[in-house]
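Asker: Before I ask anything, here is the structure I am working with.
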There are 2 protein chains.
Amino acid sequence: MDKLFVPGPVDVGQDVMKQMQRPMIYHRGKDFSQLLENCVENLKNIMYTKNYVFISTSSSTGLMEAAIRNCVKKRCLNVATGAFGERWHQITLSNGKEADILQVEWGQVVTPEILDDALSKGDYDCITLVHNETSTGVSNPLYDLSKVIKKHDVCFLVDTVSSMGGVKIEVDKLGIDVCLFGSQKALGLPPGLSSCAVSEKALTIAETVKNRGYYFDFTVFKKYWLKKQTPSTPALPQIYALEYQLDKILKESLEKRYQRHKELAEITRAWTKDHFELFSEEKHASNTLTCIKNSKRINIEHLKAELKKRRLIISNGYGKLREKTFRIAHMGDRTIPELKELLDVIDEILVET
Amino acid sequence: MDKLFVPGPVDVGQDVMKQMQRPMIYHRGKDFSQLLENCVENLKNIMYTKNYVFISTSSSTGLMEAAIRNCVKKRCLNVATGAFGERWHQITLSNGKEADILQVEWGQVVTPEILDDALSKGDYDCITLVHNETSTGVSNPLYDLSKVIKKHDVCFLVDTVSSMGGVKIEVDKLGIDVCLFGSQKALGLPPGLSSCAVSEKALTIAETVKNRGYYFDFTVFKKYWLKKQTPSTPALPQIYALEYQLDKILKESLEKRYQRHKELAEITRAWTKDHFELFSEEKHASNTLTCIKNSKRINIEHLKAELKKRRLIISNGYGKLREKTFRIAHMGDRTIPELKELLDVIDEILVET
């Protein structure tokens with residue numbers, strides 16, 4: 001079995017996988033309502049929120065589309081510190097919404113000053129941000145940015161796809177109106193499910209936005225949530241796994257989980273600095289994924305192929321960084337010994353080459 | 001463990017469930033491409049099509065939205081022979097498309113004459129049809145309707161959610177431009193995945209339709225399919241199960257599967273006529289679900305509760321038919337002895353009551 005050090009899907013524990021074997025139940029019955037409530041309560045704890053929490057049978061990309069379709073009436077500012085920020089701009093435009101893109105050099109974060117300036121210049125009602133950019137390995141300074149965003153009358157839409165569960169993100173304190181993420185990243189679950197916290201403000205706006213569609217309409221999610229149901233048939237196996245894994249994560253404590261992610265990142269960064277260079281500024285480097293600048297101009301495809309022979313999977317750079325960087329993800333239930341084993345094997349391969 | 005006689009999710013065989021335990025793989029790697037190709041090839045066989053086949057991490061409702069967003073430019077005719085036909089009208093309007101609804105009395109099918117007349121009266125570029133209406137238990141006469149539809153220059157969008165895999169539906173012969181269905185019905189798979197066959201005509205139209213969004217954009221699906229990938233992280237566990245189950249279904253032969261569904265339906269209809277009445281005309285009654293008119297005015301909630309004690313789950317009527325009908329689904333891998341057991345137990349309960 002391969003060990004995945006890619007930014008999702010992550011490896012899933014055998015105990016979690018087994019949960020997917022639970023028999024099917026009718027999604028319009030009481031057993032399902034209880035299951036859904038259990039998940040939502042725990043998701044609220046993980047997001048530090050009292051907002052509505054919806055579970056979507058889609059990847060996180062679907063919920064990015066949801067955020068746009070429900071909240072943008074006037075014009076959206078899409079902050080792009082990498083490929084997934086650009087993806088959000090693409091989604092905004094493809095849904096017929098007006099938008100500007102705030103391009104930040106890849107490897108950098110957006111600063112509160114730049115953001116304040118950009119928000120002051122346009123008549124925006126929404127801003128999108130990717131918290132943790134897996135294409136560049138940077139983690140935008142959510143807490144500092146939040147202070148600036150609160151000065152403007154905008155809906156704050158945040159993709160925490162690859163950070164939620166690995167890094168502390170206090171949705172209510174940060175004033176995030178839509179905070180979305182997927183199952184297959186730092187939460188250590190199989191793919192196929194995503195979730196979002198939606199503020200009362202975002203829901204009130206949604207009611208006045210035209211052409212929200214149906215599948216990702218927050219008001220439809222809310223209507224069914226009031227019956228403790230999902231609008232359409234949900235991905236039951238992943239919801240079983242979610243219920244179990246959230247319980248486990250909370251019992252073991254979120255703080256320990258954040259600490260482990262921090263240590264995994266520190267080890268990877270120390271190793272990177274010994275051999276290569278960090279692609280991002282160290283103080284903004286992500287705790288769930290490290291993007292390594294290929295400063296030694298090694299053959300990344302060869303490294304990947306050699307690792308694959310040993311059943312270890314890493315990623316090359318994303319898009320235009322394909323040859324210039326490679327990426328090691330360290331998220332979910334990944335342990336420190338497993339990471340060290342990977343780094344040791346890379347060391348061996350680099351010596352041999 | 002409950003036995004589900006509800007119109008999805010259906011019970012899933014242990015051997016199929018076990019497939020979901022296969023370890024996670026990277027969805028941008030060769031192993032995934034092979035997996036996706038295997039699934040798509042077999043889906044083409046099951047749909048009798050050479051069209052593009054896409055796999056979506058969503059319920060079928062998501063692909064209903066996809067069909068509308070990609071294909072409707074002018075005006076859509078939504079044929080409603082029940083609640084899911086009405087759902088399609090709701091989806092069409094909520095996506096800002098012009099549409100008319102052709103309402104047919106619940107329990108009836110739409111006839112070729114009525115459809116021809118409706119299509120002649122409006123300037124439509126799309127028509128939506130629910131093949132198998134689980135709210136009323138009718139199966140629209142797809143082959144007869146197809147002949148009429150071919151006379152008009154429209155995109156033919158068909159929901160075969162609860163029939164595909166249980167009933168023969170030859171997509172290419174029928175000239176269906178978008179044929180969509182979910183995993184958790186007659187194919188006997190866990191929920192969380194849906195699929196559609198999309199014609200070259202529909203794809204060509206999609207390229208010219210504005211505001212298709214991203215998550216359900218057929219041109220994005222096609223772009224990634226050319227790389228043998230999905231646009232975003234797919235529901236791997238369900239795709240593992242799909243690969244296995246499609247192989248199994250094709251090896252056991254589709255004809256046998258259709259025959260079993262036919263027999264299940266005939267047994268249920270015979271039982272219904274002995275005790276109650278069919279809600280639909282017999283010649284248009286569905287082979288995957290029977291909707292039973294509560295002609296004896298039994299207490300349906302009581303029947304359901306008594307069955308639930310014995311771990312057998314059926315559905316009451318849908319929406320406005322809640323008290324007037326109840327529904328027994330007989331699809332997927334359901335066997336004749338299992339169905340007979342259910343009917344025997346209902347007989348006992350009816351005698352006791």
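Ordering of the structure tokens sets the chain letters (A, B, ...); residue numbers start at 1 within each chain; ligands are numbered from 1 in the order shown.
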Might you pull out every residue within 8 Å of Met331 of chain B, with only C-alpha atoms counted and same-chain residues fewer than 5 positions away left off, and present them as a list in words?
Answerer: Pro7, Val10, Gly166, Lys185, Ala186, Leu187, Gly188, His261, Thr288 and Leu289 of chain B
Asker: Go ahead and dump the residues you just picked, C-alpha atoms, as an mmCIF file, in the first residue's frame.
Answerer:
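Dumped to again_10.cif:
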data_model
loop_
_atom_site.group_PDB
_atom_site.id
_atom_site.type_symbol
_atom_site.label_atom_id
_atom_site.label_comp_id
_atom_site.auth_asym_id
_atom_site.auth_seq_id
_atom_site.Cartn_x
_atom_site.Cartn_y
_atom_site.Cartn_z
ATOM 1 C CA PRO B 7 -36.260 4.068 -3.409
ATOM 2 C CA VAL B 10 -30.536 0.464 -1.447
ATOM 3 C CA GLY B 166 -32.583 -2.238 -13.629
ATOM 4 C CA LYS B 185 -30.485 2.849 -6.840
ATOM 5 C CA ALA B 186 -30.780 0.011 -9.347
ATOM 6 C CA LEU B 187 -27.003 -0.389 -9.606
ATOM 7 C CA GLY B 188 -26.844 -1.496 -5.976
ATOM 8 C CA HIS B 261 -36.245 -6.514 -11.829
ATOM 9 C CA THR B 288 -37.981 -0.795 -9.810
ATOM 10 C CA LEU B 289 -40.649 0.581 -7.466
#
Asker: Give me the residues within 8 Å of Glu133 of chain A as a VMD selection string, counting only C-alpha atoms and dropping any in the same chain fewer than 2 places off.
Answerer: chain A and resid 81 to 85 130 to 131 135 to 140 162 286
Asker: Any idea what's packed within 7 Å of Lys293 of chain A, counting only C-alpha atoms, ignoring anything in its chain fewer than 3 positions away? Could you give it as JSON, numbers by chain?
Answerer: {"A": [276, 277, 278, 279, 324, 325, 326]}
Asker: Please write the residues from the selection above to a file, keeping C-alpha atoms, as an mmCIF file, in the first residue's frame.
Answerer:
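Written file, part01.cif:
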data_model
loop_
_atom_site.group_PDB
_atom_site.id
_atom_site.type_symbol
_atom_site.label_atom_id
_atom_site.label_comp_id
_atom_site.auth_asym_id
_atom_site.auth_seq_id
_atom_site.Cartn_x
_atom_site.Cartn_y
_atom_site.Cartn_z
ATOM 1 C CA PHE A 276 17.014 22.948 -0.758
ATOM 2 C CA GLU A 277 15.151 26.163 -0.039
ATOM 3 C CA LEU A 278 11.641 26.856 1.130
ATOM 4 C CA PHE A 279 9.488 28.212 -1.683
ATOM 5 C CA LYS A 324 10.634 24.424 -10.101
ATOM 6 C CA THR A 325 9.276 22.922 -6.884
ATOM 7 C CA PHE A 326 8.091 19.702 -5.344
#
Asker: Should the cut-off be 8 Å, what would the residue list for chain A against chain B look like, counting only C-alpha atoms, as a compact mmCIF listing (two decimals) with C-alpha atoms, in the first residue's frame?
Answerer:
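So part13.txt came out as:
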# COMPACT_ATOMS: atom_id res chain seq x y z
CA MET A 1 0.00 0.00 0.00
CA ASP A 2 1.29 3.43 -1.00
CA LEU A 4 0.52 9.35 0.42
CA VAL A 6 0.27 14.41 -1.46
CA GLY A 8 -5.12 15.06 -0.56
CA PRO A 9 -6.41 12.45 -0.64
CA VAL A 10 -4.56 11.48 2.52
CA ASP A 11 -4.17 7.99 3.91
CA VAL A 12 -7.09 6.97 6.05
CA MET A 17 -12.17 2.96 6.77
CA LYS A 18 -14.09 0.24 8.60
CA MET A 20 -17.71 2.92 5.82
CA GLN A 21 -18.90 -0.71 6.12
CA PRO A 23 -25.07 -0.76 6.54
CA MET A 24 -27.03 1.73 4.47
CA ILE A 25 -29.87 3.59 6.18
CA TYR A 26 -32.74 5.62 4.77
CA HIS A 27 -31.79 9.27 4.63
CA THR A 57 -21.93 15.53 -1.14
CA SER A 58 -19.30 17.13 -3.36
CA SER A 59 -15.67 18.03 -3.25
CA THR A 61 -14.74 22.92 -5.20
CA GLY A 62 -18.51 22.50 -5.15
CA GLU A 65 -19.13 27.51 -6.17
CA GLN A 90 -12.42 31.27 -12.42
CA ILE A 91 -15.41 29.95 -10.48
CA THR A 92 -16.65 33.46 -9.77
CA LEU A 93 -16.51 34.49 -13.42
CA SER A 94 -17.94 31.22 -14.71
CA ASN A 95 -20.99 31.83 -12.57
CA GLY A 96 -21.56 35.15 -14.28
CA PRO A 190 -11.79 9.60 2.55
CA PRO A 191 -12.78 12.04 -0.22
CA GLY A 192 -16.35 12.62 -1.34
CA LEU A 193 -17.66 15.01 1.28
CA LYS A 210 -30.86 35.51 -7.92
CA ASN A 211 -30.03 32.27 -9.73
CA ARG A 212 -28.50 30.43 -6.79
CA GLY A 213 -29.37 27.16 -8.44
CA TYR A 214 -30.55 24.26 -6.31
CA TYR A 215 -27.80 21.78 -5.46
CA SER A 232 -30.53 15.03 -1.54
CA THR A 233 -29.16 11.56 -0.85
CA PRO A 234 -25.87 12.04 1.02
CA ALA A 235 -22.62 10.06 0.76
CA LEU A 236 -23.46 7.81 3.71
CA PRO A 237 -20.14 5.93 3.89
Asker: Looking at B:Val220, B:Ala99, B:Ala67, B:Ile328, which one is nearest to Asp159 of chain B, with distances taken over only C-alpha atoms?
Answerer: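 Among the listed residues, B:Ala67 lies closest to Asp159 of chain B.
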Asker: Can you pull out every residue within 8 Å of Ile55 of chain A, counting only C-alpha atoms, but drop anything in the same chain fewer than 6 positions away, and send it as a PyMOL selection string?
Answerer: chain A and resi 40+193-196+230
Asker: Could you give me, as a ChimeraX atom specification, the residues within 10 Å of Tyr258 of chain A, counting only C-alpha atoms and dropping anything in the same chain fewer than 4 positions from it?
Answerer: /A:163-168,186,253-254,262-264,287-288,331
Asker: Store the residues picked out above, limited to N, CA and C atoms, as a short mmCIF file (atom, residue, chain, number, x, y, z; two decimals), in the first residue's frame.
Answerer:
data_model
loop_
_atom_site.label_atom_id
_atom_site.label_comp_id
_atom_site.auth_asym_id
_atom_site.auth_seq_id
_atom_site.Cartn_x
_atom_site.Cartn_y
_atom_site.Cartn_z
N SER A 163 -6.42 23.07 5.52
CA SER A 163 -5.93 23.43 6.85
C SER A 163 -6.89 23.04 7.96
N MET A 164 -8.19 23.06 7.70
CA MET A 164 -9.15 22.79 8.77
C MET A 164 -8.89 21.42 9.41
N GLY A 165 -8.75 21.43 10.72
CA GLY A 165 -8.47 20.19 11.44
C GLY A 165 -6.99 20.02 11.73
N GLY A 166 -6.15 20.75 11.01
CA GLY A 166 -4.70 20.65 11.25
C GLY A 166 -4.17 21.94 11.88
N VAL A 167 -4.93 23.00 11.73
CA VAL A 167 -4.53 24.33 12.20
C VAL A 167 -5.77 24.95 12.85
N LYS A 168 -5.55 25.72 13.91
CA LYS A 168 -6.70 26.32 14.60
C LYS A 168 -7.30 27.43 13.75
N ALA A 186 -6.71 17.51 6.09
CA ALA A 186 -6.19 17.44 7.46
C ALA A 186 -7.09 16.67 8.42
N SER A 253 -8.04 15.50 21.51
CA SER A 253 -7.87 16.96 21.66
C SER A 253 -7.33 17.62 20.39
N LEU A 254 -8.00 18.70 20.04
CA LEU A 254 -7.61 19.46 18.86
C LEU A 254 -6.22 20.05 19.04
N LYS A 262 2.17 21.02 13.56
CA LYS A 262 3.25 22.02 13.65
C LYS A 262 4.61 21.31 13.65
N GLU A 263 4.70 20.23 14.42
CA GLU A 263 5.98 19.51 14.48
C GLU A 263 6.33 18.87 13.14
N LEU A 264 5.33 18.28 12.50
CA LEU A 264 5.56 17.69 11.18
C LEU A 264 6.12 18.74 10.21
N ASN A 287 1.54 24.70 7.72
CA ASN A 287 1.77 23.58 8.64
C ASN A 287 1.25 22.24 8.12
N THR A 288 0.61 22.25 6.95
CA THR A 288 0.08 20.98 6.45
C THR A 288 0.79 20.50 5.17
N MET A 331 -0.15 15.99 6.64
CA MET A 331 -1.44 16.36 7.26
C MET A 331 -2.26 15.12 7.56
#
Asker: Would you compute the distance between atom CA of Asp15 of chain B and atom CA of Gly332 of chain B? Give it in Å to one decimal.
Answerer: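 For atom CA of Asp15 of chain B relative to atom CA of Gly332 of chain B, the distance reads 14.1 Å.
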